[in-house]
Each structure stands twice: as structure tokens, then as C-alpha cells.
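Structure below is start-v2.cif: mmCIF, C-alpha atoms.
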```cif
data_entry
loop_
_atom_site.label_atom_id
_atom_site.label_comp_id
_atom_site.auth_asym_id
_atom_site.auth_seq_id
_atom_site.Cartn_x
_atom_site.Cartn_y
_atom_site.Cartn_z
CA MET A 1 11.25 -13.18 9.99
CA GLU A 2 12.84 -15.20 7.18
CA THR A 3 11.25 -18.59 6.73
CA TYR A 4 11.57 -21.56 4.39
CA TYR A 5 7.80 -21.62 3.89
CA LYS A 6 6.35 -18.58 2.10
CA PRO A 7 2.66 -18.49 1.09
CA GLU A 8 3.50 -16.85 -2.26
CA ASP A 9 5.65 -19.88 -3.16
CA LEU A 10 2.52 -22.00 -3.57
CA LYS A 11 1.81 -20.18 -6.84
CA LYS A 12 5.26 -21.26 -8.10
CA PHE A 13 4.40 -24.96 -7.84
CA GLU A 14 4.19 -25.35 -11.62
CA GLU A 15 7.78 -24.09 -11.95
CA ILE A 16 8.77 -27.56 -10.80
CA GLY A 17 8.19 -28.58 -14.41
CA LYS A 18 11.06 -26.47 -15.73
CA GLU A 19 13.69 -29.19 -15.41
CA ALA A 20 11.46 -32.21 -15.97
CA PRO A 21 8.47 -31.05 -18.02
CA ASP A 22 7.25 -34.49 -19.09
CA LEU A 23 7.15 -35.79 -15.55
CA ALA A 24 5.48 -32.60 -14.30
CA LYS A 25 2.87 -32.80 -17.06
CA LYS A 26 2.06 -36.38 -16.11
CA PHE A 27 1.91 -35.49 -12.41
CA PHE A 28 -0.39 -32.48 -12.84
CA GLU A 29 -2.69 -34.33 -15.21
CA TYR A 30 -2.95 -37.13 -12.70
CA TYR A 31 -3.41 -34.65 -9.84
CA ASN A 32 -6.26 -32.86 -11.63
CA ALA A 33 -7.91 -36.15 -12.56
CA VAL A 34 -7.75 -37.33 -8.96
CA PHE A 35 -9.60 -34.26 -7.66
CA ALA A 36 -12.29 -34.26 -10.34
CA GLU A 37 -15.77 -35.47 -9.43
CA GLY A 38 -15.88 -39.25 -9.51
CA ALA A 39 -17.24 -41.92 -7.18
CA LEU A 40 -16.42 -39.34 -4.49
CA THR A 41 -17.55 -35.73 -4.77
CA GLU A 42 -15.05 -32.88 -5.11
CA ARG A 43 -16.10 -31.80 -1.61
CA GLU A 44 -15.33 -35.20 -0.11
CA LYS A 45 -11.98 -35.36 -1.88
CA ALA A 46 -11.04 -31.92 -0.61
CA LEU A 47 -11.85 -33.02 2.96
CA ILE A 48 -9.64 -36.11 2.58
CA ALA A 49 -6.87 -33.94 1.15
CA LEU A 50 -7.19 -31.50 4.05
CA ALA A 51 -6.88 -34.31 6.56
CA VAL A 52 -3.88 -35.87 4.81
CA ALA A 53 -2.27 -32.42 4.52
CA HIS A 54 -2.27 -32.30 8.31
CA ALA A 55 -0.84 -35.81 8.57
CA VAL A 56 2.03 -34.98 6.22
CA GLN A 57 2.21 -31.49 7.78
CA CYS A 58 2.42 -29.63 4.46
CA PRO A 59 1.69 -25.91 4.99
CA TYR A 60 1.10 -25.38 1.27
CA CYS A 61 -1.47 -28.18 1.19
CA ILE A 62 -3.18 -26.94 4.37
CA ASP A 63 -3.46 -23.46 2.82
CA ALA A 64 -4.78 -24.75 -0.51
CA PHE A 65 -7.23 -27.30 0.88
CA SER A 66 -8.61 -25.13 3.69
CA GLN A 67 -9.73 -22.74 0.96
CA ALA A 68 -10.83 -25.58 -1.32
CA CYS A 69 -12.93 -27.17 1.45
CA LEU A 70 -14.75 -23.89 2.15
CA GLU A 71 -15.35 -23.28 -1.55
CA LYS A 72 -16.62 -26.83 -2.06
CA GLY A 73 -19.18 -26.25 0.69
CA SER A 74 -17.69 -27.79 3.81
CA ASN A 75 -17.98 -25.87 7.04
CA LEU A 76 -15.53 -25.47 9.90
CA ALA A 77 -17.15 -28.21 11.99
CA GLU A 78 -16.77 -30.72 9.15
CA MET A 79 -13.19 -29.65 8.45
CA THR A 80 -12.29 -29.95 12.13
CA GLU A 81 -13.78 -33.45 12.31
CA ALA A 82 -11.76 -34.47 9.24
CA ILE A 83 -8.58 -33.45 11.05
CA HIS A 84 -9.65 -35.49 14.09
CA VAL A 85 -10.06 -38.50 11.81
CA VAL A 86 -6.47 -38.24 10.59
CA THR A 87 -5.28 -37.51 14.12
CA ALA A 88 -6.99 -40.66 15.38
CA ILE A 89 -5.37 -42.72 12.63
CA ARG A 90 -2.00 -41.14 13.22
CA GLY A 91 -2.20 -41.64 16.98
CA GLY A 92 -3.69 -45.09 16.53
CA ALA A 93 -0.87 -46.04 14.20
CA SER A 94 1.60 -45.31 16.97
CA LEU A 95 -0.45 -47.01 19.62
CA VAL A 96 -1.15 -50.18 17.65
CA HIS A 97 2.62 -50.70 17.34
CA GLY A 98 2.45 -51.22 21.07
CA VAL A 99 1.43 -54.77 20.14
CA GLN A 100 4.88 -55.24 18.62
CA MET A 101 6.42 -53.78 21.73
CA ARG A 102 4.46 -56.23 23.84
CA ASN A 103 5.38 -59.17 21.58
CA ILE A 104 9.08 -58.36 21.83
CA ALA A 105 8.94 -57.68 25.54
CA GLN A 106 7.12 -60.96 26.14
CA LYS A 107 9.60 -62.88 23.99
CA ILE A 108 12.60 -61.69 25.93
CA SER A 109 10.98 -61.66 29.33
CA MET A 110 10.57 -64.50 31.78
CA MET B 1 -19.74 10.77 -6.27
CA ASN B 2 -19.25 10.84 -10.06
CA PRO B 3 -18.11 7.75 -12.02
CA GLU B 4 -14.48 8.89 -12.12
CA GLN B 5 -14.42 9.39 -8.36
CA ALA B 6 -16.11 6.04 -7.95
CA LEU B 7 -13.40 4.35 -9.95
CA GLN B 8 -10.72 6.08 -7.89
CA GLU B 9 -12.49 4.87 -4.77
CA ILE B 10 -11.97 1.29 -5.90
CA GLY B 11 -8.41 1.79 -4.79
CA THR B 12 -4.93 0.58 -5.35
CA ALA B 13 -5.52 -3.13 -4.84
CA GLU B 14 -7.51 -3.30 -8.07
CA ARG B 15 -4.76 -1.55 -9.99
CA LEU B 16 -2.72 -4.69 -9.52
CA LEU B 17 -5.38 -6.56 -11.47
CA GLU B 18 -5.99 -6.54 -15.15
CA PRO B 19 -8.89 -4.06 -15.50
CA PHE B 20 -12.22 -5.80 -16.06
CA ARG B 21 -12.77 -3.96 -19.35
CA TYR B 22 -9.46 -5.30 -20.71
CA THR B 23 -10.41 -8.83 -19.71
CA LEU B 24 -13.68 -8.45 -21.60
CA ALA B 25 -11.91 -6.94 -24.62
CA LYS B 26 -9.35 -9.76 -24.73
CA GLN B 27 -12.17 -12.25 -24.96
CA ALA B 28 -13.98 -10.08 -27.57
CA LEU B 29 -16.87 -9.74 -25.14
CA LYS B 30 -19.18 -6.78 -24.64
CA LEU B 31 -21.38 -6.26 -21.62
CA GLU B 32 -24.58 -4.77 -22.97
CA ARG B 33 -28.19 -4.86 -21.98
CA GLY B 34 -30.51 -7.51 -23.27
CA LYS B 35 -34.23 -7.18 -22.70
CA THR B 36 -34.73 -5.68 -19.25
CA THR B 37 -37.20 -7.89 -17.43
CA THR B 38 -36.49 -7.20 -13.74
CA LEU B 39 -36.95 -4.07 -11.68
CA GLN B 40 -34.92 -4.18 -8.48
CA ILE B 41 -35.92 -1.63 -5.87
CA ASN B 42 -33.56 -0.79 -3.04
CA VAL B 43 -35.84 0.77 -0.42
CA GLY B 44 -33.03 1.96 1.81
CA LEU B 45 -29.91 1.17 3.76
CA LEU B 46 -31.55 1.00 7.17
CA CYS B 47 -31.16 -2.50 8.58
CA ASN B 48 -31.45 -4.17 11.98
CA GLN B 49 -28.24 -6.11 11.27
CA SER B 50 -24.72 -5.01 10.36
CA CYS B 51 -23.52 -8.00 8.37
CA ARG B 52 -19.81 -8.06 7.76
CA HIS B 53 -20.19 -9.01 4.10
CA CYS B 54 -22.68 -6.22 3.26
CA HIS B 55 -21.58 -4.40 0.10
CA LEU B 56 -23.82 -1.45 1.00
CA GLY B 57 -22.71 -1.03 4.59
CA ALA B 58 -26.36 -1.21 5.66
CA GLY B 59 -27.14 -1.08 9.36
CA PRO B 60 -29.14 0.49 12.20
CA GLY B 61 -27.27 3.79 11.89
CA ARG B 62 -28.15 4.40 8.23
CA HIS B 63 -30.78 7.01 7.48
CA GLU B 64 -30.99 6.62 3.68
CA ILE B 65 -34.52 5.35 3.16
CA MET B 66 -37.02 5.54 0.30
CA SER B 67 -39.63 8.23 0.93
CA ALA B 68 -43.35 7.89 0.21
CA GLU B 69 -42.94 10.29 -2.72
CA THR B 70 -40.12 8.26 -4.31
CA ALA B 71 -42.05 5.04 -3.65
CA GLU B 72 -44.96 6.50 -5.64
CA GLU B 73 -42.59 7.41 -8.51
CA VAL B 74 -41.18 3.88 -8.52
CA ILE B 75 -44.69 2.38 -8.51
CA ALA B 76 -45.63 4.62 -11.45
CA TYR B 77 -42.51 3.50 -13.35
CA ALA B 78 -43.36 -0.16 -12.68
CA GLU B 79 -46.89 0.43 -13.89
CA ARG B 80 -45.86 1.99 -17.21
CA SER B 81 -42.97 -0.46 -17.80
CA ARG B 82 -44.53 -3.83 -16.92
CA PHE B 83 -41.58 -5.91 -15.78
CA GLU B 84 -41.67 -9.69 -15.45
CA THR B 85 -40.11 -9.57 -12.00
CA ILE B 86 -39.95 -6.95 -9.28
CA ASP B 87 -37.33 -7.54 -6.61
CA ILE B 88 -37.48 -5.49 -3.39
CA THR B 89 -34.25 -5.26 -1.43
CA GLY B 90 -32.46 -3.07 1.15
CA GLY B 91 -31.14 -2.79 3.90
CA ALA B 92 -34.00 -4.57 5.55
CA PRO B 93 -37.07 -3.76 3.43
CA GLU B 94 -39.27 -4.52 6.45
CA LEU B 95 -38.00 -1.34 8.13
CA ASN B 96 -39.21 1.01 5.41
CA PRO B 97 -42.47 2.68 6.60
CA ASN B 98 -43.89 2.50 3.05
CA ILE B 99 -43.22 -1.18 2.50
CA GLU B 100 -46.84 -2.32 2.87
CA THR B 101 -47.91 0.16 0.20
CA LEU B 102 -45.13 -0.99 -2.12
CA VAL B 103 -46.06 -4.66 -1.72
CA LYS B 104 -49.80 -4.10 -2.12
CA ARG B 105 -49.46 -1.90 -5.20
CA LEU B 106 -46.58 -3.69 -6.95
CA SER B 107 -47.99 -7.20 -6.56
CA SER B 108 -50.46 -6.62 -9.39
CA MET B 109 -47.87 -5.07 -11.68
CA ALA B 110 -45.60 -8.07 -12.31
CA PRO B 111 -46.11 -11.82 -12.44
CA ARG B 112 -43.37 -12.26 -9.85
CA LEU B 113 -42.80 -10.01 -6.84
CA MET B 114 -39.83 -10.91 -4.64
CA ILE B 115 -38.70 -9.48 -1.32
CA ARG B 116 -35.28 -10.01 0.23
CA SER B 117 -35.27 -10.69 3.94
CA ASN B 118 -32.51 -11.20 6.46
CA LEU B 119 -35.11 -13.25 8.44
CA SER B 120 -34.49 -11.47 11.75
CA ALA B 121 -36.20 -8.33 10.38
CA LEU B 122 -39.43 -10.29 9.93
CA ASN B 123 -39.78 -9.89 13.70
CA GLU B 124 -39.08 -6.15 13.55
CA ARG B 125 -42.29 -5.40 11.68
CA LYS B 126 -44.65 -4.81 14.58
CA ARG B 127 -47.62 -3.30 12.74
CA GLY B 128 -50.13 -5.81 11.42
CA ASP B 129 -49.53 -9.28 10.07
CA TRP B 130 -46.50 -8.68 7.86
CA VAL B 131 -45.89 -12.27 6.74
CA GLY B 132 -49.65 -12.67 6.24
CA LEU B 133 -49.57 -9.70 3.87
CA LEU B 134 -46.71 -11.24 1.91
CA LYS B 135 -48.63 -14.51 1.76
CA ASP B 136 -51.85 -12.83 0.60
CA HIS B 137 -49.99 -11.14 -2.25
CA ARG B 138 -48.04 -14.32 -3.16
CA VAL B 139 -44.73 -12.55 -2.62
CA VAL B 140 -41.64 -14.72 -3.07
CA ILE B 141 -39.44 -14.52 0.02
CA VAL B 142 -35.69 -14.66 -0.65
CA ALA B 143 -33.97 -15.17 2.69
CA SER B 144 -30.31 -14.89 3.64
CA PHE B 145 -28.91 -18.12 5.04
CA PRO B 146 -25.15 -18.38 4.55
CA SER B 147 -24.41 -21.67 6.32
CA TYR B 148 -25.92 -24.34 8.52
CA ASN B 149 -22.92 -23.85 10.76
CA GLU B 150 -24.06 -21.61 13.62
CA ALA B 151 -20.65 -20.08 14.39
CA GLN B 152 -19.95 -19.16 10.77
CA THR B 153 -23.42 -17.67 10.27
CA ASP B 154 -23.19 -15.61 13.45
CA SER B 155 -19.70 -14.48 12.52
CA GLN B 156 -21.02 -13.04 9.25
CA ARG B 157 -24.41 -11.74 10.41
CA GLY B 158 -24.22 -11.10 14.15
CA LYS B 159 -24.44 -13.06 17.39
CA GLY B 160 -27.62 -15.06 17.77
CA ILE B 161 -28.78 -14.55 14.16
CA PHE B 162 -28.49 -18.23 13.28
CA GLN B 163 -31.05 -19.32 15.87
CA VAL B 164 -33.36 -16.42 14.99
CA SER B 165 -33.11 -17.44 11.32
CA ILE B 166 -33.97 -21.06 12.08
CA GLU B 167 -37.06 -20.00 14.06
CA ALA B 168 -38.12 -17.60 11.28
CA LEU B 169 -37.77 -20.32 8.63
CA LYS B 170 -39.89 -22.68 10.76
CA ARG B 171 -42.53 -19.97 11.07
CA LEU B 172 -42.53 -19.35 7.31
CA ASN B 173 -42.87 -23.09 6.69
CA ALA B 174 -45.79 -23.23 9.15
CA MET B 175 -47.54 -20.52 7.09
CA GLY B 176 -47.05 -22.57 3.93
CA TYR B 177 -43.90 -20.92 2.56
CA GLY B 178 -41.54 -23.43 0.95
CA GLN B 179 -44.15 -26.19 1.23
CA GLU B 180 -44.97 -28.19 -1.86
CA GLY B 181 -48.31 -27.39 -3.47
CA THR B 182 -48.87 -24.03 -1.74
CA GLY B 183 -47.31 -21.88 -4.47
CA LEU B 184 -45.64 -19.87 -1.70
CA GLU B 185 -42.00 -19.71 -2.70
CA LEU B 186 -39.22 -19.53 -0.14
CA ASP B 187 -35.71 -19.27 -1.55
CA LEU B 188 -32.45 -19.09 0.36
CA VAL B 189 -29.34 -17.10 -0.48
CA SER B 190 -25.93 -18.20 0.69
CA ASN B 191 -22.94 -15.89 0.59
CA PRO B 192 -19.53 -17.23 1.66
CA THR B 193 -18.66 -16.50 5.27
CA GLY B 194 -15.27 -15.07 4.35
CA ALA B 195 -12.78 -14.30 1.58
CA PHE B 196 -13.45 -17.31 -0.57
CA LEU B 197 -15.65 -18.18 -3.53
CA PRO B 198 -19.13 -19.65 -3.20
CA THR B 199 -19.94 -23.30 -3.53
CA LEU B 200 -21.60 -24.48 -6.73
CA GLN B 201 -25.35 -24.19 -6.25
CA GLY B 202 -26.46 -27.69 -7.23
CA GLY B 203 -24.49 -29.77 -4.73
CA MET B 204 -24.86 -27.19 -1.97
CA GLU B 205 -28.64 -27.03 -2.43
CA GLN B 206 -28.96 -30.79 -2.18
CA ARG B 207 -26.89 -30.99 1.01
CA LEU B 208 -28.57 -27.98 2.61
CA ARG B 209 -31.98 -29.42 1.84
CA GLY B 210 -30.99 -32.66 3.58
CA VAL B 211 -29.47 -30.98 6.64
CA LEU B 212 -32.28 -28.43 7.20
CA LYS B 213 -34.93 -31.13 6.86
CA LYS B 214 -33.18 -33.63 9.13
CA LYS B 215 -32.09 -31.24 11.89
CA TRP B 216 -34.95 -28.73 11.98
CA GLY B 217 -37.68 -30.01 9.66
CA ILE B 218 -37.22 -26.94 7.43
CA VAL B 219 -38.02 -26.98 3.71
CA PHE B 220 -37.34 -24.43 0.99
CA ASN B 221 -37.63 -24.12 -2.79
CA HIS B 222 -34.29 -22.96 -4.20
CA LEU B 223 -30.84 -22.02 -3.02
CA TYR B 224 -28.84 -19.26 -4.67
CA SER B 225 -25.15 -19.15 -3.99
CA PHE B 226 -23.50 -15.75 -4.58
CA ALA B 227 -19.98 -14.36 -4.22
CA ASN B 228 -19.38 -11.39 -1.94
CA ALA B 229 -18.60 -8.13 -3.74
CA PRO B 230 -15.47 -6.34 -2.49
CA LEU B 231 -17.38 -3.17 -1.64
CA GLY B 232 -18.76 -1.46 1.45
CA ARG B 233 -18.38 -3.16 4.80
CA PHE B 234 -17.04 -6.37 3.21
CA ARG B 235 -14.25 -4.38 1.61
CA GLN B 236 -13.38 -2.88 5.00
CA TRP B 237 -13.19 -6.37 6.47
CA LEU B 238 -11.01 -7.55 3.57
CA LEU B 239 -8.66 -4.62 4.18
CA GLN B 240 -8.52 -5.06 7.94
CA SER B 241 -7.99 -8.81 7.74
CA GLY B 242 -5.27 -8.56 5.08
CA ASN B 243 -7.36 -10.48 2.54
CA LEU B 244 -8.16 -7.76 0.00
CA GLU B 245 -5.43 -8.37 -2.54
CA SER B 246 -5.66 -12.17 -2.50
CA TYR B 247 -9.47 -12.05 -2.70
CA LEU B 248 -9.43 -9.71 -5.70
CA GLN B 249 -6.88 -11.93 -7.40
CA ARG B 250 -9.03 -14.96 -6.64
CA LEU B 251 -12.05 -13.29 -8.26
CA ALA B 252 -10.08 -12.15 -11.30
CA SER B 253 -8.29 -15.46 -11.83
CA SER B 254 -11.67 -17.24 -11.72
CA PHE B 255 -13.05 -15.14 -14.60
CA ASN B 256 -15.42 -17.30 -16.63
CA PRO B 257 -16.22 -15.83 -20.07
CA CYS B 258 -19.28 -18.08 -20.33
CA ALA B 259 -20.80 -16.33 -17.29
CA VAL B 260 -21.01 -12.94 -19.05
CA GLU B 261 -23.99 -13.84 -21.22
CA GLY B 262 -26.17 -14.68 -18.21
CA LEU B 263 -25.21 -11.81 -15.89
CA MET B 264 -28.16 -10.31 -14.05
CA CYS B 265 -27.18 -6.74 -15.02
CA ARG B 266 -28.10 -7.54 -18.62
CA THR B 267 -31.76 -7.95 -17.72
CA LEU B 268 -32.18 -5.89 -14.55
CA VAL B 269 -32.48 -2.24 -13.66
CA SER B 270 -31.85 -1.20 -10.08
CA VAL B 271 -33.51 1.82 -8.44
CA SER B 272 -31.87 3.30 -5.39
CA TRP B 273 -33.67 4.55 -2.27
CA ASP B 274 -33.62 8.07 -3.73
CA GLY B 275 -34.98 7.00 -7.12
CA TYR B 276 -31.87 6.92 -9.29
CA LEU B 277 -31.11 4.13 -11.74
CA TYR B 278 -28.20 1.70 -11.76
CA ASP B 279 -27.29 -1.44 -13.68
CA CYS B 280 -27.09 -3.47 -10.48
CA ASP B 281 -27.05 -3.19 -6.69
CA PHE B 282 -23.23 -3.32 -6.64
CA ASN B 283 -23.00 -0.31 -8.95
CA LEU B 284 -25.55 1.36 -6.67
CA ALA B 285 -23.23 0.70 -3.72
CA LEU B 286 -20.41 2.37 -5.62
CA ASP B 287 -22.66 5.15 -6.99
CA LEU B 288 -21.75 4.15 -10.53
CA PRO B 289 -24.96 5.10 -12.36
CA MET B 290 -26.50 3.52 -15.42
CA SER B 291 -25.06 5.00 -18.64
CA GLY B 292 -22.58 7.01 -16.59
CA LYS B 293 -25.03 9.74 -15.59
CA LYS B 294 -27.66 10.01 -12.91
CA VAL B 295 -31.15 9.45 -14.27
CA HIS B 296 -34.20 9.56 -12.00
CA VAL B 297 -36.90 6.92 -12.23
CA SER B 298 -39.47 9.64 -12.92
CA GLU B 299 -37.63 10.56 -16.16
CA LEU B 300 -38.02 7.14 -17.79
CA SER B 301 -41.09 6.02 -19.66
CA GLU B 302 -40.01 2.41 -20.22
CA PRO B 303 -37.31 -0.12 -19.31
CA PRO B 304 -33.78 0.64 -20.57
CA SER B 305 -33.35 -0.45 -24.18
CA PRO B 306 -31.41 -3.51 -25.35
CA GLY B 307 -27.88 -2.74 -26.53
CA TYR B 308 -27.19 -0.11 -23.86
CA PRO B 309 -23.67 -0.58 -22.45
CA ILE B 310 -23.50 -1.61 -18.78
CA ALA B 311 -21.36 0.54 -16.47
CA ILE B 312 -18.46 -1.67 -15.40
CA ALA B 313 -15.61 -1.56 -12.93
CA ASP B 314 -13.29 -4.11 -11.40
CA HIS B 315 -15.83 -5.30 -8.82
CA CYS B 316 -17.59 -6.88 -11.84
CA TYR B 317 -15.14 -9.77 -11.42
CA THR B 318 -17.43 -10.78 -8.52
CA CYS B 319 -20.18 -11.82 -10.89
CA THR B 320 -18.01 -13.51 -13.50
CA ALA B 321 -16.07 -15.72 -11.09
CA GLY B 322 -16.69 -19.42 -11.54
CA ALA B 323 -20.29 -20.24 -12.31
CA GLY B 324 -21.18 -16.53 -12.21
CA PHE B 325 -23.83 -14.41 -10.56
CA THR B 326 -27.06 -14.64 -12.47
#
```
Transcribe the structure of this file into C-alpha cells.
Amino acid sequence: METYYKPEDLKKFEEIGKEAPDLAKKFFEYYNAVFAEGALTEREKALIALAVAHAVQCPYCIDAFSQACLEKGSNLAEMTEAIHVVTAIRGGASLVHGVQMRNIAQKISM
Amino acid sequence: MNPEQALQEIGTAERLLEPFRYTLAKQALKLERGKTTTLQINVGLLCNQSCRHCHLGAGPGRHEIMSAETAEEVIAYAERSRFETIDITGGAPELNPNIETLVKRLSSMAPRLMIRSNLSALNERKRGDWVGLLKDHRVVIVASFPSYNEAQTDSQRGKGIFQVSIEALKRLNAMGYGQEGTGLELDLVSNPTGAFLPTLQGGMEQRLRGVLKKKWGIVFNHLYSFANAPLGRFRQWLLQSGNLESYLQRLASSFNPCAVEGLMCRTLVSVSWDGYLYDCDFNLALDLPMSGKKVHVSELSEPPSPGYPIAIADHCYTCTAGAGFT
């Protein structure tokens, strides 16, 4: 079935630089620097990226960082927990706005 | 199978890759022997497990096993060649009926005698005190332990293997293996539990050491992290799961020219269960013999000479990916 998302398109990511090479160069340098070992390990950064990939629902990122997490030494239990963390934040972000709902409802209610 | 047939056997997926020999040539690299210091002995393909990543397709149904006569020829070769390390592998070496003889005789012929174990096969050796024999002869035990995740380990090695492995490691620790000051070395080997590259050894070793100690009180000396070779049963799995092409591309695109210098095939000679010589256990799996022709261990008077070219094929990308396979 035809689909907008094709796994082979991930390899074409760098083609994004064809029309704006300077910006792409800056972005990819920054991107690579972010994922290099620093105060956080590469493994920890890959786990964060995997979780965020699920929050922003990017199939390319989920593909890339599932593999990256395994190759950086995380196991399936750790990867699953990382997704629960982002799910809790995402769900919590909705739920905590219930405070606003309650504020407004109280303001206009008797 | 001759070398040409072996190369054909590699199949169409590899033809999509740049051949390994071209990659070496582009980097002006040659893969030749250095000083051969290690004798690796594959005592047979019989195994009590049928691991899905096994490049040899070892398992309970395999009947290829080193005979007493070949074992004697290998021992004689070790005696006249004096290697620094002798590395016994399989299959499960524990299942070879001549394994006690090999251990007893070879232990005095090299400063370092290693035996590979899948851990569960330690229980299969019913005759005598097998681990006690290894301990008495100061044999280094190199044990397979892919992950501290039970589901992933069992998926690679068979249901229930994780728990059996944990109990075996505890038992080895209780006998002094892996314990500081005993001189009894216990090393672990981790292969990825799928079509992805291995984790860098340093960080993985540190984390594994912490987890094994905290959860089970297990200690070990070193961790070796190796990529899976796209051969044998692992290749079948790659094909069936639709991962073959992407895995081969992953290996090839991770080619690290700096890894070539330290490849194990430069310093190792591998003897198969029937006594023939190969540059490594992967070439043995593919029946790609040393120097392109079958030479029996009984025909050699010394280790292969430095400068001999290593037989290569596209599975060699396995050992040059990332940090390499040394």
C-alpha cells in the first residue's frame, strides 16, 4: 500500500541540505554534537531521544533510535520504561490542565 | 565445498555490497598474517542448544565431532608449535567425549588455555567433576551471556537458558572463577540479540558488572562484545525476518579501517573438528580454508608464517564494523 512514510526515506535525510546547505550543515553539526558523549552518556541520550520520538510520533526517529538504543546497550525493558516516562508526561500534561478547567469553571459558576 | 562455491553460497544480498576486498584495496589495506599466537580448536558442531545467532548452525542434531585420532593430531601440532593461547570452542565443547584428554594434555602446552561455554552445557557433562578439572588446569572459561534481559537472552539462546546461565555463573563464582585473587578467569561474551551492532565493550562491561553484582551477586573478569556473523543459522534468521540486506549494509557502512590491524585472524589459526585449518571460525563455517586449499593439521610443522594472505569474503565486514572483532 502506498504510504507517506517509507523506511528507505530515512537515508535521504541529508538531501534536505540541497536547497539550504548552510542551514543543513549547522543543523547536522549541532545534531551530532548533541548526541556525542557528554555529561550524559550516548546510551542515555539515545533513550531520551527514543522517548521523545514517541511523543512527537516520528516514525523515522522511532526507527533510528530503537536501533541506536539497542546498539548503545539498552535492553527492551529499559526502552519500554523510557516510553512510559514520556507517556506519563504526555498524559500528565493533559491532566494538569484540568486545573485550568477547574479555575475557569469555578470562576463562572455559583 | 571449494572456495568458489563458498563465495557463491554467500548469495545475492552481498552482491549489492561493495566487495570486502575492494573496500580493503580502496583504503590501501592488506589483510595478512602477523605472528600466529593462538590456536583455536573447534571440537565439533554438537551442542545442547540451537542458538538463533549461531554462525555454525550447531545443535543437538549435528554429528560432526572431533575424533580421538584427530584430537591426538591437534595435540601433537600444539606441542610442536607452542602457541601463546589455545582456545577450545564448538558447538558445546563439553559434549565431545575427548574433551577431558584435550584439556589435560593442552594445558601444559600454552600459557593460556581457554574454553568457550554456553553455560548450560556445564550441566551436561555427567562424568566426573568437569568444572573441577577446568579449575585444576587453570582453564579460562569464556561464557556466552548476551544480555541481562531474560526475554532477549531466551529469544536468542532458547527458553529457560537465562536462568540456567545465572545459576551456572553463581556456581562458577562459588568455585572461585571470576573472584579476585584466585587467578581463575571467567570472561563473558555478549552477542547482540538481533540484527544490530554490538555495544562498545567498555561502557557495557561497567554496566553489566554493576547489574550482575547487584541483582545476583555475580562477578566476572572481562566482557567481550562481538557482532553476529551473517552465516549459518543467523543468516537463515536474517533471511526469514527480512533483515538480511539491511544488516549487511549496516556492517559494510560501519567499516572501520583502523580495526583491520587488530583482527583476530591475523594472529589465530583455527582447526576444524576434522582437523583442517582455517583463518578463523567464520571461514570454517563457510568452509573457506586457509590459503584457499585444504591443509590438515598433521601436515604442518609450525604455525602459519607471517605475511600469508588471509582468505576473505564479504562476511569479513562483521569483524571490521565499528570497534572491530579482536
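Take atom CA of Ser301 of chain B and atom CA of Leu288 of chain B: the distance between them is 21.5 Å.
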Using only C-alpha atoms, determine which residues of chain B fall within 8 Å of chain A; present them as number ranges by chain. B: 147, 149, 152, 196-200, 204
With only C-alpha atoms as the counted atoms, please give the residues lying no more than 12 Å from Gly91 of chain B, apart from itself and same-chain residues fewer than 5 positions off, as number ranges by chain. B: 41-51, 54-66, 96, 115-118, 121, 272-273, 281, 285
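Counting from atom CA of Ala24 of chain A, the distance to atom CA of Gly38 of chain A is 22.9 Å.
Proximity of B:Cys280, B:Ile86, B:Val297, B:Ala195 to Trp237 of chain B, computed with all atoms listed in the file, is greatest for B:Ala195.
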Check what the PyMOL selection byres ((chain B and resi 212) around 12) selects in the file above and give those residues as a list in words. Phe145, Ser147, Tyr148, Asn149, Ser165, Ile166, Glu167, Leu169, Lys170, Asn173, Leu188, Met204, Glu205, Gln206, Arg207, Leu208, Arg209, Gly210, Val211, Lys213, Lys214, Lys215, Trp216, Gly217, Ile218, Val219 and Phe220 of chain B
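Residues in contact with Ala76 of chain B at up to 12 Å, not including ones fewer than 6 positions away on its chain and judged by all atoms listed in the file, are B:Glu69, B:Thr70, B:Arg82, B:Leu102, B:Arg105, B:Leu106, B:Met109, B:Gly275, B:Val297, B:Ser298, B:Glu299, B:Leu300, B:Ser301, B:Glu302.
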Evaluate the PyMOL selection byres ((chain B and resi 277) around 6) against this structure - the residues, as a list of chain:residue names, please. B:Ser270, B:Val271, B:Tyr276, B:Tyr278, B:Met290, B:Val295
For the file shown, report as a list of chain:residue names the outcome of the PyMOL selection byres ((chain A and resi 85) around 12) at residue level. A:Leu47, A:Ile48, A:Leu50, A:Ala51, A:Val52, A:His54, A:Ala55, A:Glu78, A:Met79, A:Thr80, A:Glu81, A:Ala82, A:Ile83, A:His84, A:Val86, A:Thr87, A:Ala88, A:Ile89, A:Arg90, A:Gly91, A:Gly92
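You will find atom CA of Ser155 of chain B at 16.4 Å from atom CA of Asn243 of chain B.
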Which neighbours of segment 10-19 of chain A fall inside 10 Å, counting all atoms listed in the file, when residues of the same chain fewer than 6 positions from it are skipped, and could you give them as an NGL selection string? :A and (25 or 27-28 or 59-61 or 63-64)
Compare B:Leu31, B:Ala227, B:Ala259, B:Val139 by their minimum atom-to-atom distance to Ile310 of chain B, counting only C-alpha atoms, and give me the closest one. B:Leu31
